$ cat upload-v6.cif   # mmCIF, C-alpha atoms
data_input
#
loop_
_atom_site.label_atom_id
_atom_site.label_comp_id
_atom_site.auth_asym_id
_atom_site.auth_seq_id
_atom_site.Cartn_x
_atom_site.Cartn_y
_atom_site.Cartn_z
CA MET A 265 47.72 -43.73 26.23
CA SER A 266 48.36 -42.22 29.61
CA GLY A 267 48.74 -38.58 30.43
CA LEU A 268 46.52 -35.62 31.20
CA GLU A 269 44.04 -34.30 28.68
CA ARG A 270 45.44 -30.98 27.49
CA ARG A 271 42.27 -28.92 27.24
CA ALA A 272 41.07 -29.99 30.66
CA ALA A 273 44.53 -29.35 32.10
CA MET A 274 44.56 -25.80 30.71
CA ALA A 275 41.09 -25.19 32.12
CA THR A 276 42.22 -26.38 35.54
CA LEU A 277 45.27 -24.10 35.52
CA LEU A 278 43.11 -21.10 34.61
CA ALA A 279 40.12 -21.84 36.85
CA ASP A 280 38.94 -18.77 38.80
CA ARG A 281 41.41 -16.67 36.88
CA LYS A 282 42.15 -13.28 38.40
CA ASP A 283 43.08 -10.11 36.54
CA ASP A 284 46.66 -10.18 37.77
CA LEU A 285 47.39 -13.32 35.74
CA LEU A 286 49.00 -12.68 32.34
CA VAL A 287 49.33 -15.65 30.01
CA ILE A 288 51.69 -16.29 27.11
CA PRO A 289 51.21 -19.55 25.19
CA GLY A 290 53.67 -21.04 22.76
CA LEU A 291 52.68 -21.17 19.13
CA GLY A 292 50.56 -24.09 17.98
CA SER A 293 48.69 -26.45 20.25
CA THR A 294 49.12 -24.57 23.53
CA CYS A 295 47.88 -21.42 21.79
CA TRP A 296 44.70 -23.24 20.72
CA ASP A 297 44.40 -24.72 24.22
CA LEU A 298 44.54 -21.24 25.73
CA ALA A 299 41.96 -19.88 23.31
CA ALA A 300 39.71 -22.86 24.03
CA ALA A 301 39.81 -22.03 27.74
CA GLY A 302 38.17 -18.69 26.97
CA ASP A 303 39.43 -15.55 25.32
CA ASN A 304 40.95 -12.91 27.56
CA ASP A 305 42.64 -9.60 26.79
CA ARG A 306 45.42 -10.63 29.15
CA ASN A 307 46.43 -13.48 26.84
CA PHE A 308 49.09 -12.73 24.28
CA TYR A 309 48.66 -15.44 21.67
CA LEU A 310 51.67 -16.44 19.62
CA TRP A 311 51.28 -17.49 16.00
CA GLY A 312 55.03 -17.62 15.43
CA ALA A 313 58.26 -16.72 17.27
CA MET A 314 58.96 -20.38 18.04
CA GLY A 315 61.36 -20.62 20.95
CA GLY A 316 60.44 -17.17 22.25
CA ALA A 317 57.53 -17.76 24.62
CA ALA A 318 59.53 -18.08 27.84
CA MET A 319 61.62 -15.00 27.04
CA ILE A 320 58.54 -12.91 26.29
CA GLY A 321 57.35 -14.10 29.68
CA LEU A 322 60.58 -12.98 31.32
CA GLY A 323 60.45 -9.48 29.82
CA LEU A 324 56.84 -9.16 30.89
CA ALA A 325 57.48 -10.51 34.38
CA LEU A 326 60.32 -8.04 34.95
CA ALA A 327 58.16 -5.17 33.70
CA GLN A 328 55.14 -6.13 35.82
CA PRO A 329 56.50 -7.42 39.14
CA ASP A 330 53.11 -7.11 40.86
CA LYS A 331 51.41 -9.41 38.38
CA ARG A 332 51.84 -13.12 37.75
CA VAL A 333 53.08 -14.30 34.37
CA LEU A 334 52.27 -17.79 33.14
CA VAL A 335 53.94 -19.20 30.04
CA VAL A 336 52.31 -22.39 28.80
CA THR A 337 54.12 -23.97 25.92
CA GLY A 338 54.83 -27.29 24.28
CA ASP A 339 57.90 -29.49 24.47
CA GLY A 340 58.99 -28.63 20.92
CA GLU A 341 58.75 -24.89 21.50
CA MET A 342 60.60 -25.17 24.81
CA LEU A 343 63.34 -27.26 23.24
CA MET A 344 63.92 -24.62 20.56
CA GLY A 345 64.41 -21.94 23.21
CA MET A 346 65.97 -24.04 25.96
CA GLY A 347 68.57 -21.34 26.62
CA ALA A 348 65.74 -19.24 28.03
CA LEU A 349 65.66 -21.57 31.03
CA ALA A 350 69.30 -20.69 31.70
CA THR A 351 68.53 -16.98 31.35
CA ILE A 352 65.52 -17.24 33.65
CA GLY A 353 67.55 -19.25 36.15
CA ILE A 354 70.16 -16.51 36.31
CA LYS A 355 67.59 -13.72 36.53
CA GLN A 356 65.30 -15.39 39.10
CA PRO A 357 62.05 -13.51 38.37
CA GLN A 358 59.73 -13.84 41.36
CA ASN A 359 56.52 -13.87 39.34
CA LEU A 360 57.14 -16.15 36.37
CA ALA A 361 55.94 -19.70 35.80
CA VAL A 362 56.84 -21.77 32.77
CA VAL A 363 54.63 -24.78 32.21
CA VAL A 364 55.40 -27.25 29.46
CA PHE A 365 52.70 -29.44 28.01
CA ASP A 366 54.91 -32.39 27.15
CA ASN A 367 53.57 -35.12 24.91
CA GLY A 368 56.91 -35.90 23.35
CA HIS A 369 55.69 -34.95 19.90
CA TYR A 370 55.39 -32.11 17.43
CA GLY A 371 51.61 -31.97 17.24
CA GLU A 372 51.24 -29.28 14.59
CA THR A 373 53.39 -30.99 12.00
CA GLY A 374 52.23 -34.58 12.06
CA MET A 375 53.12 -35.91 15.50
CA GLN A 376 56.78 -36.56 14.85
CA PRO A 377 58.62 -37.53 18.05
CA SER A 378 60.47 -34.74 19.86
CA HIS A 379 63.63 -34.96 21.96
CA THR A 380 61.53 -35.63 25.06
CA HIS A 381 59.92 -38.69 23.49
CA LYS A 382 60.12 -41.83 25.61
CA GLY A 383 62.14 -40.16 28.32
CA GLY A 384 64.83 -38.84 25.98
CA VAL A 385 65.48 -35.34 27.21
CA ASP A 386 64.28 -34.49 30.71
CA LEU A 387 63.14 -30.85 30.62
CA LEU A 388 62.57 -30.89 34.38
CA GLY A 389 66.18 -31.83 34.89
CA VAL A 390 67.24 -29.04 32.54
CA ALA A 391 65.16 -26.47 34.42
CA ARG A 392 66.46 -27.70 37.76
CA SER A 393 70.07 -27.52 36.66
CA CYS A 394 69.44 -24.00 35.38
CA GLY A 395 68.69 -22.92 38.93
CA ILE A 396 64.91 -22.86 38.88
CA ALA A 397 64.23 -23.99 42.42
CA THR A 398 60.60 -25.03 42.08
CA CYS A 399 60.35 -27.75 39.46
CA LEU A 400 57.22 -29.87 39.38
CA ASP A 401 56.55 -33.12 37.59
CA VAL A 402 52.83 -33.15 36.93
CA ALA A 403 51.47 -36.49 35.81
CA ASP A 404 48.12 -36.85 37.55
CA GLU A 405 45.12 -34.85 38.71
CA ALA A 406 46.43 -34.37 42.23
CA ALA A 407 49.69 -32.89 40.99
CA LEU A 408 47.78 -30.71 38.54
CA ALA A 409 45.62 -29.35 41.35
CA ASP A 410 48.76 -28.66 43.36
CA LEU A 411 50.29 -26.77 40.44
CA ALA A 412 47.12 -24.72 39.94
CA ALA A 413 47.23 -23.77 43.63
CA ARG A 414 50.90 -22.80 43.46
CA LEU A 415 50.28 -20.60 40.42
CA LYS A 416 47.96 -18.47 42.52
CA GLU A 417 50.87 -17.25 44.62
CA LEU A 418 54.24 -17.30 42.96
CA SER A 419 57.40 -16.61 44.93
CA GLY A 420 60.31 -17.28 42.67
CA PRO A 421 60.47 -18.86 39.25
CA LEU A 422 58.50 -22.05 38.79
CA PHE A 423 58.83 -24.68 36.11
CA ALA A 424 56.41 -27.53 35.58
CA ARG A 425 56.33 -30.36 33.12
CA LEU A 426 52.88 -31.73 32.44
CA ALA A 427 52.71 -35.20 30.98
CA ILE A 428 49.87 -34.82 28.54
CA ALA A 429 48.20 -37.43 26.40
CA ILE A 430 48.86 -37.46 22.69
CA ALA A 431 45.77 -35.93 21.15
CA ASP A 432 44.83 -33.46 18.47
CA PRO A 433 41.66 -31.72 19.64
CA PRO A 434 39.81 -29.36 17.29
CA ARG A 435 41.65 -26.11 16.78
CA VAL A 436 40.25 -23.06 18.47
CA LEU A 437 41.78 -20.12 16.68
CA PRO A 438 42.18 -16.79 18.48
CA GLU A 439 42.77 -13.35 16.97
CA ARG A 440 45.85 -13.46 14.80
CA ASP A 441 46.60 -9.80 14.13
CA GLY A 442 49.65 -9.19 16.29
CA THR A 443 49.12 -5.47 16.53
CA VAL A 444 45.59 -6.02 17.83
CA LEU A 445 46.78 -8.59 20.37
CA LYS A 446 49.52 -6.26 21.56
CA ALA A 447 47.30 -3.21 21.84
CA ARG A 448 44.48 -4.94 23.68
CA PHE A 449 46.90 -6.60 26.10
CA ARG A 450 48.54 -3.28 26.96
CA ALA A 451 45.20 -1.55 27.32
CA ALA A 452 43.94 -4.30 29.62
CA ILE A 453 46.81 -3.85 32.05
CA GLY A 454 46.86 -0.09 31.70
CA VAL A 455 50.23 0.59 30.08
CA MET B 31 99.83 24.36 17.64
CA ASN B 32 96.57 22.60 17.74
CA ALA B 33 94.71 22.12 20.97
CA PRO B 34 94.48 18.47 21.95
CA THR B 35 91.19 17.00 20.79
CA ALA B 36 89.34 15.18 23.48
CA THR B 37 87.93 11.88 22.30
CA VAL B 38 84.23 11.61 22.89
CA ASP B 39 83.46 8.89 25.41
CA TRP B 40 80.76 7.27 23.28
CA PRO B 41 79.85 4.32 25.56
CA GLU B 42 79.12 6.87 28.30
CA LYS B 43 77.05 8.89 25.82
CA LEU B 44 75.09 5.79 24.89
CA TYR B 45 74.37 5.12 28.55
CA GLY B 46 73.10 8.67 28.89
CA THR B 47 70.86 8.20 25.87
CA LEU B 48 69.43 4.97 27.29
CA LYS B 49 68.71 6.68 30.60
CA ARG B 50 67.01 9.67 28.98
CA ALA B 51 64.94 7.25 26.88
CA GLY B 52 63.72 5.54 30.03
CA ILE B 53 65.20 2.15 29.14
CA ARG B 54 64.50 -0.32 31.94
CA GLN B 55 65.64 -3.63 30.46
CA VAL B 56 68.95 -4.31 28.75
CA GLY B 57 69.42 -7.68 27.07
CA TYR B 58 72.87 -8.63 25.88
CA VAL B 59 75.26 -11.34 24.93
CA PRO B 60 78.58 -10.19 26.37
CA ASP B 61 80.64 -8.34 23.82
CA ALA B 62 83.98 -6.54 24.12
CA GLY B 63 82.79 -3.50 22.19
CA HIS B 64 79.85 -3.06 24.56
CA ALA B 65 81.81 -3.97 27.70
CA ARG B 66 81.71 -0.52 29.29
CA LEU B 67 78.06 0.09 28.48
CA ILE B 68 77.19 -3.33 29.90
CA ASP B 69 79.11 -2.51 33.09
CA ARG B 70 77.21 0.77 33.47
CA CYS B 71 73.87 -0.96 33.00
CA ARG B 72 74.73 -3.76 35.41
CA ALA B 73 75.58 -1.20 38.06
CA ASP B 74 72.29 0.66 37.59
CA PRO B 75 69.58 -0.43 40.06
CA ASP B 76 66.85 0.95 37.79
CA ILE B 77 67.86 -1.30 34.91
CA HIS B 78 67.20 -5.01 34.63
CA ASP B 79 70.34 -6.36 32.98
CA VAL B 80 69.57 -9.66 31.33
CA VAL B 81 72.46 -11.73 30.06
CA LEU B 82 71.26 -13.94 27.22
CA THR B 83 72.44 -17.26 25.84
CA THR B 84 71.68 -16.10 22.31
CA GLU B 85 70.66 -12.78 20.84
CA GLU B 86 67.23 -13.92 19.65
CA GLU B 87 66.21 -14.23 23.30
CA GLY B 88 66.63 -10.47 23.50
CA VAL B 89 64.13 -9.84 20.72
CA ALA B 90 61.53 -11.80 22.68
CA LEU B 91 62.58 -10.13 25.94
CA ALA B 92 62.04 -6.68 24.44
CA ALA B 93 58.58 -7.71 23.21
CA GLY B 94 57.64 -8.92 26.67
CA ALA B 95 58.98 -5.74 28.23
CA TRP B 96 56.83 -3.61 25.94
CA LEU B 97 53.75 -5.73 26.66
CA GLY B 98 54.39 -4.87 30.29
CA GLY B 99 54.99 -1.19 29.64
CA GLN B 100 58.79 -1.05 29.80
CA ARG B 101 61.33 -0.05 27.20
CA ALA B 102 64.21 -2.39 26.39
CA VAL B 103 67.38 -2.33 24.35
CA LEU B 104 69.30 -5.24 22.85
CA LEU B 105 73.08 -5.01 22.75
CA MET B 106 75.00 -7.34 20.50
CA GLN B 107 77.85 -7.89 18.10
CA SER B 108 77.27 -8.16 14.35
CA SER B 109 77.45 -11.96 14.48
CA GLY B 110 74.40 -11.92 16.74
CA VAL B 111 72.20 -10.37 14.08
CA GLY B 112 72.11 -13.68 12.27
CA ASN B 113 70.81 -15.35 15.41
CA CYS B 114 67.83 -12.99 15.48
CA ILE B 115 66.34 -13.29 12.01
CA ASN B 116 63.25 -15.40 12.60
CA MET B 117 62.53 -13.83 15.98
CA LEU B 118 62.46 -10.43 14.30
CA SER B 119 59.15 -11.66 12.85
CA LEU B 120 57.73 -11.12 16.31
CA ALA B 121 58.59 -7.43 16.24
CA ARG B 122 57.42 -7.07 12.64
CA SER B 123 54.14 -8.95 13.01
CA CYS B 124 53.11 -7.11 16.14
CA ARG B 125 54.96 -3.83 15.61
CA PHE B 126 56.91 -4.14 18.80
CA PRO B 127 59.44 -1.38 19.28
CA LEU B 128 62.88 -2.92 19.03
CA LEU B 129 66.06 -0.97 19.64
CA MET B 130 69.30 -2.73 18.79
CA MET B 131 72.81 -1.43 19.30
CA ILE B 132 75.27 -3.49 17.29
CA THR B 133 79.04 -3.40 17.42
CA MET B 134 80.46 -4.30 14.03
CA ARG B 135 83.10 -6.91 13.31
CA GLY B 136 84.50 -8.09 10.04
CA GLU B 137 85.09 -4.71 8.50
CA TRP B 138 87.94 -2.45 9.65
CA GLU B 139 91.32 -4.12 10.21
CA GLU B 140 89.60 -7.36 11.14
CA PHE B 141 92.09 -10.08 11.97
CA ASN B 142 89.58 -12.92 12.10
CA PRO B 143 88.20 -13.75 8.65
CA TRP B 144 85.35 -15.76 10.19
CA GLN B 145 83.76 -12.49 11.28
CA GLU B 146 83.45 -11.25 7.72
CA PRO B 147 80.57 -13.35 6.31
CA MET B 148 78.01 -12.18 8.87
CA GLY B 149 79.47 -8.72 9.35
CA SER B 150 79.19 -8.04 5.62
CA ILE B 151 75.44 -8.77 5.48
CA VAL B 152 74.24 -7.11 8.68
CA ASP B 153 73.07 -4.03 6.86
CA PRO B 154 71.00 -5.70 4.08
CA VAL B 155 69.60 -8.37 6.40
CA LEU B 156 68.35 -5.76 8.85
CA ARG B 157 66.90 -3.63 6.06
CA LEU B 158 65.01 -6.66 4.75
CA SER B 159 63.70 -7.09 8.29
CA GLU B 160 62.26 -3.57 8.16
CA ALA B 161 64.83 -2.09 10.51
CA GLU B 162 65.91 1.52 10.16
CA ILE B 163 69.72 1.66 10.11
CA TYR B 164 71.81 4.32 11.82
CA ARG B 165 75.53 3.89 11.30
CA ALA B 166 78.11 5.65 13.44
CA THR B 167 81.75 5.70 12.42
CA LYS B 168 83.02 8.61 14.53
CA PRO B 169 82.77 8.95 18.31
CA GLU B 170 81.16 12.37 18.11
CA GLU B 171 78.23 11.18 16.01
CA VAL B 172 77.23 8.21 18.20
CA GLU B 173 75.00 10.09 20.58
CA GLY B 174 73.02 11.99 17.97
CA LEU B 175 72.35 8.86 15.95
CA ALA B 176 71.37 6.94 19.07
CA GLU B 177 68.87 9.64 19.96
CA ARG B 178 67.33 9.42 16.51
CA ALA B 179 67.13 5.63 16.72
CA VAL B 180 65.37 5.90 20.09
CA GLN B 181 62.85 8.32 18.62
CA HIS B 182 62.22 6.09 15.63
CA VAL B 183 61.71 3.00 17.78
CA PHE B 184 59.56 4.24 20.63
CA GLY B 185 57.87 7.13 18.90
CA ASP B 186 56.30 4.88 16.34
CA GLU B 187 56.73 1.26 17.54
CA ARG B 188 59.32 0.37 14.94
CA ILE B 189 62.63 -1.48 14.62
CA ALA B 190 65.93 0.35 14.47
CA ALA B 191 69.57 -0.64 14.68
CA LEU B 192 72.46 1.59 15.63
CA LEU B 193 75.53 0.12 13.94
CA LEU B 194 78.75 0.98 15.71
CA SER B 195 81.54 0.70 13.18
CA GLN B 196 84.64 -1.28 13.99
CA GLN B 197 86.68 1.91 13.76
CA LEU B 198 84.99 3.03 16.97
CA ILE B 199 85.85 -0.15 18.79
CA GLY B 200 89.43 -0.44 17.67
CA LYS B 201 91.44 -3.45 16.76
CA LYS B 202 91.10 -6.57 18.82
CA VAL B 203 94.47 -7.45 20.27
CA TRP B 204 95.28 -11.06 19.45
CA THR B 205 98.72 -11.43 20.91
CA LYS B 206 99.52 -10.80 24.51
#
$ encode --input "upload-v6.cif" --output "structure tokens"
Amino acid sequence: MSGLERRAAMATLLADRKDDLLVIPGLGSTCWDLAAAGDNDRNFYLWGAMGGAAMIGLGLALAQPDKRVLVVTGDGEMLMGMGALATIGIKQPQNLAVVVFDNGHYGETGMQPSHTHKGGVDLLGVARSCGIATCLDVADEAALADLAARLKELSGPLFARLAIAIADPPRVLPERDGTVLKARFRAAIGV
Amino acid sequence: MNAPTATVDWPEKLYGTLKRAGIRQVGYVPDAGHARLIDRCRADPDIHDVVLTTEEEGVALAAGAWLGGQRAVLLMQSSGVGNCINMLSLARSCRFPLLMMITMRGEWEEFNPWQEPMGSIVDPVLRLSEAEIYRATKPEEVEGLAERAVQHVFGDERIAALLLSQQLIGKKVWTK
């Protein structure tokens, strides 16, 4: 099966992470991927709120214009909140990136095919038509390195679709008390 | 002879309350009852006005705003409450402050019966979602209730909804 390995891809995106990078994963696999890359107070892990990751990212990006906000979510989570791409496209936050780990399947529930399976729904096309100017199709290591470099200096909303391999790596579970996650995140950025 | 009673301009009062509360992000699905308040917010350079495709986006927006140290409000019509239910888990699980201002349909002289099913369950659904309810039926009580809702939400990181009764909004005109 082709596609990037999800844990390695997350590690590449977060390599040499600076304090001005705030990360919101979707619930499920991308949340475990983020935790596996190393815990950080500037991660706000989601254990629910399916379809909400990109919008949490937008609210955060608007509130913290001098920081970079990275949402990393799965194809199923993005599909549930696809309207967020329209809202982000209209709002044009300068410091928000939405990266979708797309394996065309719902990994948490038994690998049922999603709408993006076998080229069904093209999330890149959706993001592009919503007015997100920078839309990247990331299918190999070179493109992944390019994305990681672009994330270091955002200027306008960015959307990327990563073609990731179907896999179910061991779960790495982060803190799950939402009040703790909220409080430590806010303390870390000084609000 | 009675002196003419001036009608309280409640949308303007709500805008004043939002400004005093330091609200910086306003999420909304366009709604006739909130039209004037939305216009005021859109014209305010200190407020990010965020038009949403569905109301649940606003619940997530407000959570993100608070993570980043800003206060948000979500404006919607009663039908939008139903669109928010699962996303309210985000506010409940993490105790995110969530201020909602909801214009009611389906109650007073409603012409459209399709507004009634959701309008009739807004109150119990929000209570089950741990929201404090403040209901305004007269123009002069809107501001005071809004101030209390603000205090409840941001003073203690809780959920509150200001319900603006359909009497305040007036009848929707169906024939032109």
$ residues_around --input "upload-v6.cif" --residues "B:Lys43" --least-positions-apart "6" --cutoff "12 Å" --atoms "all atoms listed in the file" --output "MDAnalysis selection string"
chainID B and resid 37 49:50 66:67 70 169:177
$ interface_residues --input "upload-v6.cif" --of "chain A" --to "chain B" --cutoff "10 Å" --atoms "all atoms listed in the file" --output "PDB file with C-alpha atoms, keeping the file's coordinate frame"
ATOM      1  CA  LEU A 286      49.000 -12.680  32.340  1.00  0.00           C
ATOM      2  CA  ILE A 288      51.690 -16.290  27.110  1.00  0.00           C
ATOM      3  CA  ARG A 306      45.420 -10.630  29.150  1.00  0.00           C
ATOM      4  CA  PHE A 308      49.090 -12.730  24.280  1.00  0.00           C
ATOM      5  CA  LEU A 310      51.670 -16.440  19.620  1.00  0.00           C
ATOM      6  CA  TRP A 311      51.280 -17.490  16.000  1.00  0.00           C
ATOM      7  CA  GLY A 312      55.030 -17.620  15.430  1.00  0.00           C
ATOM      8  CA  ALA A 313      58.260 -16.720  17.270  1.00  0.00           C
ATOM      9  CA  MET A 314      58.960 -20.380  18.040  1.00  0.00           C
ATOM     10  CA  GLY A 315      61.360 -20.620  20.950  1.00  0.00           C
ATOM     11  CA  GLY A 316      60.440 -17.170  22.250  1.00  0.00           C
ATOM     12  CA  ALA A 317      57.530 -17.760  24.620  1.00  0.00           C
ATOM     13  CA  ALA A 318      59.530 -18.080  27.840  1.00  0.00           C
ATOM     14  CA  MET A 319      61.620 -15.000  27.040  1.00  0.00           C
ATOM     15  CA  ILE A 320      58.540 -12.910  26.290  1.00  0.00           C
ATOM     16  CA  GLY A 321      57.350 -14.100  29.680  1.00  0.00           C
ATOM     17  CA  LEU A 322      60.580 -12.980  31.320  1.00  0.00           C
ATOM     18  CA  GLY A 323      60.450  -9.480  29.820  1.00  0.00           C
ATOM     19  CA  LEU A 324      56.840  -9.160  30.890  1.00  0.00           C
ATOM     20  CA  ALA A 325      57.480 -10.510  34.380  1.00  0.00           C
ATOM     21  CA  LEU A 326      60.320  -8.040  34.950  1.00  0.00           C
ATOM     22  CA  ALA A 327      58.160  -5.170  33.700  1.00  0.00           C
ATOM     23  CA  GLN A 328      55.140  -6.130  35.820  1.00  0.00           C
ATOM     24  CA  PRO A 329      56.500  -7.420  39.140  1.00  0.00           C
ATOM     25  CA  LYS A 331      51.410  -9.410  38.380  1.00  0.00           C
ATOM     26  CA  GLY A 345      64.410 -21.940  23.210  1.00  0.00           C
ATOM     27  CA  MET A 346      65.970 -24.040  25.960  1.00  0.00           C
ATOM     28  CA  GLY A 347      68.570 -21.340  26.620  1.00  0.00           C
ATOM     29  CA  ALA A 348      65.740 -19.240  28.030  1.00  0.00           C
ATOM     30  CA  LEU A 349      65.660 -21.570  31.030  1.00  0.00           C
ATOM     31  CA  ALA A 350      69.300 -20.690  31.700  1.00  0.00           C
ATOM     32  CA  THR A 351      68.530 -16.980  31.350  1.00  0.00           C
ATOM     33  CA  ILE A 352      65.520 -17.240  33.650  1.00  0.00           C
ATOM     34  CA  ILE A 354      70.160 -16.510  36.310  1.00  0.00           C
ATOM     35  CA  LYS A 355      67.590 -13.720  36.530  1.00  0.00           C
ATOM     36  CA  ARG A 440      45.850 -13.460  14.800  1.00  0.00           C
ATOM     37  CA  ASP A 441      46.600  -9.800  14.130  1.00  0.00           C
ATOM     38  CA  GLY A 442      49.650  -9.190  16.290  1.00  0.00           C
ATOM     39  CA  THR A 443      49.120  -5.470  16.530  1.00  0.00           C
ATOM     40  CA  VAL A 444      45.590  -6.020  17.830  1.00  0.00           C
ATOM     41  CA  LEU A 445      46.780  -8.590  20.370  1.00  0.00           C
ATOM     42  CA  LYS A 446      49.520  -6.260  21.560  1.00  0.00           C
ATOM     43  CA  ALA A 447      47.300  -3.210  21.840  1.00  0.00           C
ATOM     44  CA  ARG A 448      44.480  -4.940  23.680  1.00  0.00           C
ATOM     45  CA  PHE A 449      46.900  -6.600  26.100  1.00  0.00           C
ATOM     46  CA  ARG A 450      48.540  -3.280  26.960  1.00  0.00           C
ATOM     47  CA  ALA A 451      45.200  -1.550  27.320  1.00  0.00           C
ATOM     48  CA  ILE A 453      46.810  -3.850  32.050  1.00  0.00           C
ATOM     49  CA  GLY A 454      46.860  -0.090  31.700  1.00  0.00           C
ATOM     50  CA  VAL A 455      50.230   0.590  30.080  1.00  0.00           C
TER      51      VAL A 455
END
$ atom_distance --input "upload-v6.cif" --atom1 "atom CA of A:Met344" --atom2 "atom CA of A:Leu387"
11.9 Å
$ closest_residue --input "upload-v6.cif" --among "A:Glu417, A:Asp305, A:Glu372, A:Glu405" --to "A:Gly290" --atoms "all atoms listed in the file"
A:Glu372
$ closest_residue --input "upload-v6.cif" --among "B:Asn142, B:Leu194, B:Ala179, B:Gly46" --to "B:Arg165" --atoms "all atoms listed in the file"
B:Leu194
$ resolve_selection --input "upload-v6.cif" --expression "the PyMOL selection byres ((chain A and resi 273) around 12)" --output "PyMOL selection string"
chain A and resi 267-272+274-279+294+297-298+300-301+336+363-366+402-409+411-412+425-429
$ write_last_selection --input "upload-v6.cif" --atoms "C-alpha atoms" --output "short mmCIF file (atom, residue, chain, number, x, y, z; two decimals), keeping the file's coordinate frame"
data_model
loop_
_atom_site.label_atom_id
_atom_site.label_comp_id
_atom_site.auth_asym_id
_atom_site.auth_seq_id
_atom_site.Cartn_x
_atom_site.Cartn_y
_atom_site.Cartn_z
CA GLY A 267 48.74 -38.58 30.43
CA LEU A 268 46.52 -35.62 31.20
CA GLU A 269 44.04 -34.30 28.68
CA ARG A 270 45.44 -30.98 27.49
CA ARG A 271 42.27 -28.92 27.24
CA ALA A 272 41.07 -29.99 30.66
CA MET A 274 44.56 -25.80 30.71
CA ALA A 275 41.09 -25.19 32.12
CA THR A 276 42.22 -26.38 35.54
CA LEU A 277 45.27 -24.10 35.52
CA LEU A 278 43.11 -21.10 34.61
CA ALA A 279 40.12 -21.84 36.85
CA THR A 294 49.12 -24.57 23.53
CA ASP A 297 44.40 -24.72 24.22
CA LEU A 298 44.54 -21.24 25.73
CA ALA A 300 39.71 -22.86 24.03
CA ALA A 301 39.81 -22.03 27.74
CA VAL A 336 52.31 -22.39 28.80
CA VAL A 363 54.63 -24.78 32.21
CA VAL A 364 55.40 -27.25 29.46
CA PHE A 365 52.70 -29.44 28.01
CA ASP A 366 54.91 -32.39 27.15
CA VAL A 402 52.83 -33.15 36.93
CA ALA A 403 51.47 -36.49 35.81
CA ASP A 404 48.12 -36.85 37.55
CA GLU A 405 45.12 -34.85 38.71
CA ALA A 406 46.43 -34.37 42.23
CA ALA A 407 49.69 -32.89 40.99
CA LEU A 408 47.78 -30.71 38.54
CA ALA A 409 45.62 -29.35 41.35
CA LEU A 411 50.29 -26.77 40.44
CA ALA A 412 47.12 -24.72 39.94
CA ARG A 425 56.33 -30.36 33.12
CA LEU A 426 52.88 -31.73 32.44
CA ALA A 427 52.71 -35.20 30.98
CA ILE A 428 49.87 -34.82 28.54
CA ALA A 429 48.20 -37.43 26.40
#
$ residues_around --input "upload-v6.cif" --residues "B:Asp153" --least-positions-apart "5" --cutoff "10 Å" --atoms "all atoms listed in the file" --output "number ranges by chain"
B: 108, 111, 148, 158-159, 161-165, 191, 193
$ residues_around --input "upload-v6.cif" --residues "B:Arg188" --least-positions-apart "3" --cutoff "7 Å" --atoms "all atoms listed in the file" --output "list in words"
Arg125, Phe126, Pro127, Leu128, His182, Val183 and Phe184 of chain B
$ resolve_selection --input "upload-v6.cif" --expression "the PyMOL selection byres ((chain A and resi 392) around 12)" --output "ChimeraX atom specification"
/A:349-350,352-354,386-391,393-401,421-425
$ atom_distance --input "upload-v6.cif" --atom1 "atom CA of B:Leu198" --atom2 "atom CA of B:Val56"
21.2 Å
$ residues_around --input "upload-v6.cif" --residues "B:Ile199" --least-positions-apart "3" --cutoff "9 Å" --atoms "only C-alpha atoms" --output "ChimeraX atom specification"
/B:62-64,133-134,194-196,202
$ resolve_selection --input "upload-v6.cif" --expression "the PyMOL selection byres ((chain B and resi 149) around 10)" --output "compact mmCIF listing (two decimals) with C-alpha atoms, in the frame of the given file"
# COMPACT_ATOMS: atom_id res chain seq x y z
CA GLN B 107 77.85 -7.89 18.10
CA SER B 108 77.27 -8.16 14.35
CA SER B 109 77.45 -11.96 14.48
CA GLY B 110 74.40 -11.92 16.74
CA VAL B 111 72.20 -10.37 14.08
CA GLY B 112 72.11 -13.68 12.27
CA THR B 133 79.04 -3.40 17.42
CA MET B 134 80.46 -4.30 14.03
CA ARG B 135 83.10 -6.91 13.31
CA GLY B 136 84.50 -8.09 10.04
CA GLU B 137 85.09 -4.71 8.50
CA TRP B 144 85.35 -15.76 10.19
CA GLN B 145 83.76 -12.49 11.28
CA GLU B 146 83.45 -11.25 7.72
CA PRO B 147 80.57 -13.35 6.31
CA MET B 148 78.01 -12.18 8.87
CA SER B 150 79.19 -8.04 5.62
CA ILE B 151 75.44 -8.77 5.48
CA VAL B 152 74.24 -7.11 8.68
CA ASP B 153 73.07 -4.03 6.86
$ build_atoms --input "upload-v6.cif" --residues "stretch 399-403 of chain A" --atoms "N, CA and C atoms" --output "short mmCIF file (atom, residue, chain, number, x, y, z; two decimals), in the coordinates of the input"
data_model
loop_
_atom_site.label_atom_id
_atom_site.label_comp_id
_atom_site.auth_asym_id
_atom_site.auth_seq_id
_atom_site.Cartn_x
_atom_site.Cartn_y
_atom_site.Cartn_z
N CYS A 399 60.55 -26.99 40.69
CA CYS A 399 60.35 -27.75 39.46
C CYS A 399 59.39 -28.89 39.76
N LEU A 400 58.28 -28.91 39.06
CA LEU A 400 57.22 -29.87 39.38
C LEU A 400 56.97 -30.82 38.22
N ASP A 401 56.90 -32.10 38.56
CA ASP A 401 56.55 -33.12 37.59
C ASP A 401 55.06 -33.42 37.77
N VAL A 402 54.28 -33.04 36.79
CA VAL A 402 52.83 -33.15 36.93
C VAL A 402 52.31 -34.24 36.00
N ALA A 403 51.89 -35.34 36.62
CA ALA A 403 51.47 -36.49 35.81
C ALA A 403 50.07 -36.99 36.17
#
